[in-house]
$ cat work-v5.cif   # mmCIF, C-alpha atoms and all ligand atoms
data_run
loop_
_atom_site.label_atom_id
_atom_site.label_comp_id
_atom_site.auth_asym_id
_atom_site.auth_seq_id
_atom_site.Cartn_x
_atom_site.Cartn_y
_atom_site.Cartn_z
CA MET A 1 0.00 0.00 0.00
CA LEU A 2 1.31 3.44 -0.96
CA ILE A 3 0.63 6.32 1.43
CA SER A 4 0.24 9.76 -0.20
CA LEU A 5 2.44 12.50 1.21
CA GLY A 6 0.96 15.16 -1.10
CA PRO A 7 2.91 17.46 -3.41
CA GLN A 8 6.44 17.62 -2.02
CA ALA A 9 9.96 18.14 -3.32
CA PHE A 10 11.08 14.58 -2.63
CA LEU A 11 13.29 11.84 -3.98
CA SER A 12 14.63 8.91 -1.97
CA SER A 13 18.07 10.51 -1.92
CA VAL A 14 19.94 13.12 -3.91
CA PRO A 15 23.67 13.85 -4.17
CA VAL A 16 24.90 16.77 -2.11
CA MET A 17 26.61 19.39 -4.29
CA LEU A 18 28.84 22.27 -3.27
CA ILE A 19 28.34 25.10 -5.75
CA GLY A 20 31.49 27.19 -6.11
CA SER A 21 31.43 30.78 -7.34
CA TYR A 22 33.28 34.10 -7.04
CA ASP A 23 31.19 36.77 -5.35
CA ILE A 24 30.88 40.39 -6.49
CA GLU A 25 34.17 41.23 -4.79
CA GLY A 26 35.95 38.26 -6.29
CA ARG A 27 35.97 36.19 -3.09
CA PRO A 28 35.53 32.43 -3.52
CA ASN A 29 32.36 31.00 -1.98
CA ILE A 30 30.59 27.65 -1.74
CA MET A 31 26.99 26.81 -0.99
CA THR A 32 25.38 23.45 -0.45
CA ALA A 33 22.70 22.45 -2.93
CA ALA A 34 20.58 19.34 -3.06
CA TRP A 35 18.10 20.48 -5.70
CA GLY A 36 19.65 19.59 -9.04
CA GLY A 37 21.22 16.90 -11.14
CA LEU A 38 22.28 15.83 -14.61
CA SER A 39 19.98 17.19 -17.29
CA CYS A 40 21.51 16.51 -20.74
CA SER A 41 24.04 14.06 -22.21
CA GLN A 42 25.09 16.01 -25.32
CA PRO A 43 26.13 18.66 -24.55
CA PRO A 44 26.71 17.34 -21.03
CA CYS A 45 24.64 19.53 -18.69
CA LEU A 46 23.82 19.68 -15.01
CA SER A 47 21.25 21.93 -13.38
CA VAL A 48 21.14 23.38 -9.89
CA SER A 49 18.23 25.24 -8.32
CA VAL A 50 19.16 28.21 -6.18
CA ARG A 51 17.07 30.64 -4.12
CA ARG A 52 17.39 34.30 -5.07
CA ALA A 53 18.22 35.19 -1.44
CA THR A 54 21.52 33.30 -1.53
CA TRP A 55 24.86 35.01 -2.16
CA THR A 56 25.55 32.39 -4.81
CA HIS A 57 22.54 33.33 -6.96
CA ARG A 58 23.94 36.73 -7.92
CA ALA A 59 27.46 35.36 -8.28
CA ILE A 60 26.40 32.76 -10.86
CA LEU A 61 24.47 35.34 -12.88
CA GLU A 62 27.37 37.82 -12.85
CA ARG A 63 30.14 35.42 -13.90
CA ARG A 64 27.88 33.04 -15.84
CA ALA A 65 29.94 30.18 -14.42
CA PHE A 66 30.00 27.87 -11.42
CA THR A 67 31.58 24.66 -10.23
CA VAL A 68 30.13 21.66 -8.42
CA SER A 69 32.34 19.83 -5.92
CA LEU A 70 30.99 16.55 -4.56
CA PRO A 71 31.79 15.86 -0.88
CA THR A 72 32.27 12.39 0.58
CA SER A 73 30.21 11.14 3.51
CA ALA A 74 33.20 11.97 5.76
CA GLN A 75 32.76 15.61 4.68
CA ALA A 76 29.12 15.87 5.88
CA GLY A 77 29.96 18.48 8.52
CA MET A 78 31.63 20.72 5.99
CA ALA A 79 28.72 20.34 3.57
CA ASP A 80 26.16 21.13 6.26
CA PHE A 81 28.11 24.22 7.35
CA ALA A 82 28.16 25.50 3.76
CA GLY A 83 24.37 25.15 3.77
CA LEU A 84 23.85 26.91 7.09
CA VAL A 85 26.11 29.94 6.66
CA SER A 86 26.07 32.57 3.89
CA GLY A 87 29.15 33.79 2.08
CA ARG A 88 27.62 37.23 2.45
CA SER A 89 28.71 37.23 6.11
CA GLU A 90 31.53 34.68 6.36
CA ASP A 91 34.39 33.28 4.30
CA LYS A 92 33.38 29.60 4.27
CA PHE A 93 36.60 28.38 2.65
CA SER A 94 38.60 29.95 5.45
CA ALA A 95 36.20 28.88 8.24
CA LEU A 96 36.40 25.27 7.03
CA GLY A 97 40.11 25.27 6.23
CA LEU A 98 39.38 24.40 2.61
CA THR A 99 41.41 25.26 -0.48
CA ALA A 100 39.73 27.32 -3.20
CA SER A 101 41.29 26.24 -6.50
CA ALA A 102 40.60 28.32 -9.59
CA GLY A 103 38.62 26.51 -12.27
CA GLU A 104 40.71 25.71 -15.34
CA HIS A 105 37.90 26.19 -17.83
CA VAL A 106 35.44 28.51 -16.08
CA ASP A 107 35.56 31.64 -13.93
CA ALA A 108 34.67 29.92 -10.64
CA PRO A 109 36.53 28.21 -7.78
CA TYR A 110 36.20 24.61 -6.61
CA VAL A 111 36.97 22.72 -3.41
CA ALA A 112 40.37 21.06 -3.86
CA GLU A 113 39.65 18.62 -0.99
CA CYS A 114 36.61 17.06 -2.76
CA PRO A 115 37.25 13.96 -4.89
CA VAL A 116 34.94 14.95 -7.77
CA VAL A 117 34.67 18.38 -9.36
CA LEU A 118 32.64 19.66 -12.32
CA GLU A 119 33.26 22.98 -14.08
CA LEU A 120 30.23 24.58 -15.70
CA LEU A 121 29.29 27.49 -17.93
CA LEU A 122 25.81 28.93 -17.37
CA ARG A 123 23.68 28.20 -20.44
CA HIS A 124 20.04 28.59 -19.31
CA THR A 125 18.18 30.25 -16.46
CA LEU A 126 14.63 29.29 -15.58
CA GLU A 127 12.49 30.89 -12.88
CA LEU A 128 10.54 28.10 -11.23
CA GLY A 129 9.09 29.78 -8.13
CA SER A 130 11.07 29.68 -4.90
CA HIS A 131 14.16 28.63 -6.88
CA THR A 132 15.92 29.67 -10.08
CA GLN A 133 17.15 26.73 -12.10
CA PHE A 134 20.61 27.29 -13.56
CA VAL A 135 21.50 24.89 -16.32
CA GLY A 136 25.25 24.63 -16.75
CA GLU A 137 27.18 22.97 -19.55
CA ILE A 138 29.85 20.73 -18.06
CA MET A 139 33.21 21.86 -19.43
CA ASP A 140 35.30 19.39 -17.40
CA VAL A 141 35.00 16.62 -14.82
CA LYS A 142 37.91 16.01 -12.47
CA VAL A 143 38.25 12.93 -10.27
CA GLU A 144 40.88 12.40 -7.58
CA ALA A 145 43.43 9.94 -8.99
CA SER A 146 43.25 7.57 -6.00
CA PHE A 147 39.46 7.27 -6.52
CA MET A 148 39.80 5.87 -10.04
CA THR A 149 39.72 2.26 -11.18
CA PRO A 150 42.70 0.87 -13.15
CA ASP A 151 40.49 1.29 -16.28
CA GLY A 152 40.46 5.05 -15.76
CA LEU A 153 36.86 5.30 -14.51
CA PRO A 154 35.57 6.76 -11.23
CA ASP A 155 35.37 3.95 -8.65
CA PRO A 156 31.90 4.06 -7.02
CA ALA A 157 33.19 2.13 -4.00
CA ARG A 158 35.76 4.79 -3.21
CA LEU A 159 33.81 7.93 -4.15
CA SER A 160 31.53 7.46 -1.14
CA ALA A 161 29.39 10.41 -2.27
CA LEU A 162 27.32 12.18 0.37
CA HIS A 163 23.55 12.00 -0.17
CA TYR A 164 20.70 13.97 1.34
CA VAL A 165 17.16 12.71 1.99
CA PRO A 166 14.57 15.51 1.66
CA LEU A 167 11.74 15.71 4.24
CA VAL A 168 13.74 13.51 6.63
CA ASN A 169 16.66 15.98 6.60
CA GLU A 170 19.37 13.36 7.00
CA TYR A 171 22.62 12.62 5.21
CA TYR A 172 23.56 9.16 4.01
CA GLY A 173 26.71 7.73 2.57
CA ARG A 174 27.14 5.38 -0.32
CA GLY A 175 24.71 2.51 -0.73
CA ASP A 176 25.74 -1.06 -1.52
CA PHE A 177 26.29 -2.23 -5.08
CA ALA A 178 22.94 -3.43 -6.45
CA ALA A 179 23.41 -4.34 -10.13
CA ARG A 180 24.98 -3.29 -13.44
CA ALA A 181 23.06 -0.54 -15.25
CA PHE A 182 21.81 -1.12 -18.82
CA ALA A 183 22.31 -4.84 -18.16
CA VAL A 184 20.26 -6.18 -15.24
CA GLY A 185 17.06 -4.94 -16.91
CA LYS A 186 17.64 -7.37 -19.78
CA THR A 187 17.14 -10.34 -17.49
CA VAL A 188 13.85 -9.57 -15.79
CA ARG A 189 11.15 -9.92 -18.48
CA ARG A 190 8.53 -12.46 -17.41
CA GLN A 191 8.40 -15.59 -19.58
CA ASN A 192 4.79 -16.54 -20.46
C1 LIG B 1 21.46 19.77 2.73
C2 LIG B 1 21.19 21.17 2.20
C3 LIG B 1 20.72 21.33 0.91
C4 LIG B 1 20.47 22.59 0.40
N1 LIG B 1 20.03 22.70 -0.88
C5 LIG B 1 19.79 23.93 -1.40
C6 LIG B 1 19.38 24.07 -2.75
O1 LIG B 1 19.28 23.11 -3.52
N2 LIG B 1 19.12 25.32 -3.19
C7 LIG B 1 19.23 26.44 -2.39
O2 LIG B 1 18.97 27.57 -2.86
N3 LIG B 1 19.65 26.34 -1.10
C8 LIG B 1 19.95 25.12 -0.59
N4 LIG B 1 20.39 24.99 0.69
C9 LIG B 1 20.58 26.21 1.50
C10 LIG B 1 21.84 27.00 1.09
O3 LIG B 1 22.98 26.15 1.04
C11 LIG B 1 22.06 28.12 2.12
O4 LIG B 1 21.01 29.07 1.97
C12 LIG B 1 23.43 28.77 2.03
O5 LIG B 1 23.66 29.51 3.21
C13 LIG B 1 23.57 29.71 0.85
O6 LIG B 1 24.90 30.16 0.82
P1 LIG B 1 25.35 31.53 0.12
O7 LIG B 1 24.44 32.62 0.67
O8 LIG B 1 26.77 31.67 0.54
O9 LIG B 1 25.15 31.36 -1.34
C14 LIG B 1 20.67 23.74 1.21
C15 LIG B 1 21.17 23.57 2.51
C16 LIG B 1 21.43 22.30 3.00
C17 LIG B 1 21.98 22.13 4.40
#

$ encode --input "work-v5.cif" --output "structure tokens"
Amino acid sequence: MLISLGPQAFLSSVPVMLIGSYDIEGRPNIMTAAWGGLSCSQPPCLSVSVRRATWTHRAILERRAFTVSLPTSAQAGMADFAGLVSGRSEDKFSALGLTASAGEHVDAPYVAECPVVLELLLRHTLELGSHTQFVGEIMDVKVEASFMTPDGLPDPARLSALHYVPLVNEYYGRGDFAARAFAVGKTVRRQN
């Protein structure tokens, strides 16, 4: 039996993203975002939804660029802090002892201590209501070398990406391996 919870912004879990930007005075800032995700394969795009009241909102519009750094579950405290405090009033990189590295392809900083980083150019802006959706074209993906498989792919077991569960307001780490994508679905058709 399914119990209706009504219209809610909910998914079972979403990756926690740290949006990096330079503010109007050129200071690097990060904010935590859970509303967003991949939105196109070619060109590769990712969207984030940001409230107008945030310091990051204006920064993305001014530089038309942002980064997304993905924290591990061990970095939950840092991610939560970046979602509780505004760059308008505090230097979050300094408060957290993090390194702001300049993007190589876009005019935005990223968190050097995170194992996965995306660099994005702002391509589309959509007013949705409480949030503005920024669609960024992914100009580069960087993965920490020690988190790669010998085949040169990101190793899901080591990435240990931090996830957030809306409504419940809890963070979770990586789940267990379940099955191979684009493969396990070929084995489940019922035979009549
Ligand atoms: C787990 C979590 C997820 C969040 N997701 C979003 C989000 O998707 N969009 C948003 O506008 N704010 C989100 N926030 C709130 C912002 O991170 C928060 O307002 C932050 O202080 C903004 O920073 P800034 O003013 O330096 O840009 C989230 C906060 C937390 C803790």

$ atom_distance --input "work-v5.cif" --atom1 "atom C15 of ligand LIG 1 (chain B)" --atom2 "CA of Val168 in chain A"
13.2 Å

$ closest_residue --input "work-v5.cif" --among "A:Val143, A:Cys40, A:Val165, A:Leu61" --to "ligand LIG 1 (chain B)" --atoms "only C-alpha atoms and all ligand atoms"
A:Val165

$ atom_distance --input "work-v5.cif" --atom1 "CA of Ser12 in chain A" --atom2 "CA of Ile138 in chain A"
25.1 Å

$ residues_near_ligand --input "work-v5.cif" --ligand "ligand LIG 1 (chain B)" --cutoff "7 Å" --atoms "all atoms listed in the file" --output "number ranges by chain"
A: 16, 29-36, 48-51, 54-57, 80, 82-88, 131, 164

$ closest_residue --input "work-v5.cif" --among "A:Leu46, A:Met1, A:Tyr172, A:Arg58" --to "Asp23 in chain A" --atoms "all atoms listed in the file"
A:Arg58

$ closest_residue --input "work-v5.cif" --among "A:Ala179, A:Met139, A:Val116, A:Leu96" --to "Leu153 in chain A" --atoms "all atoms listed in the file"
A:Val116

$ atom_distance --input "work-v5.cif" --atom1 "CA of Pro156 in chain A" --atom2 "CA of Asp140 in chain A"
18.8 Å

$ residues_near_point --input "work-v5.cif" --point "(27.5, 11.5, 4.3)" --cutoff "7 Å" --atoms "only C-alpha atoms" --output "tab-separated table (two decimals) with C-alpha atoms, in the coordinates of the input"
chain	number	residue	atom	x	y	z
A	72	THR	CA	32.27	12.39	0.58
A	73	SER	CA	30.21	11.14	3.51
A	74	ALA	CA	33.20	11.97	5.76
A	75	GLN	CA	32.76	15.61	4.68
A	76	ALA	CA	29.12	15.87	5.88
A	161	ALA	CA	29.39	10.41	-2.27
A	162	LEU	CA	27.32	12.18	0.37
A	163	HIS	CA	23.55	12.00	-0.17
A	171	TYR	CA	22.62	12.62	5.21
A	172	TYR	CA	23.56	9.16	4.01
A	173	GLY	CA	26.71	7.73	2.57

$ residues_around --input "work-v5.cif" --residues "Val141 in chain A" --least-positions-apart "4" --cutoff "9 Å" --atoms "all atoms listed in the file" --output "ChimeraX atom specification"
/A:116-119

$ closest_residue --input "work-v5.cif" --among "A:Ala59, A:Asp151, A:Gly37, A:Met78" --to "Glu25 in chain A" --atoms "only C-alpha atoms"
A:Ala59
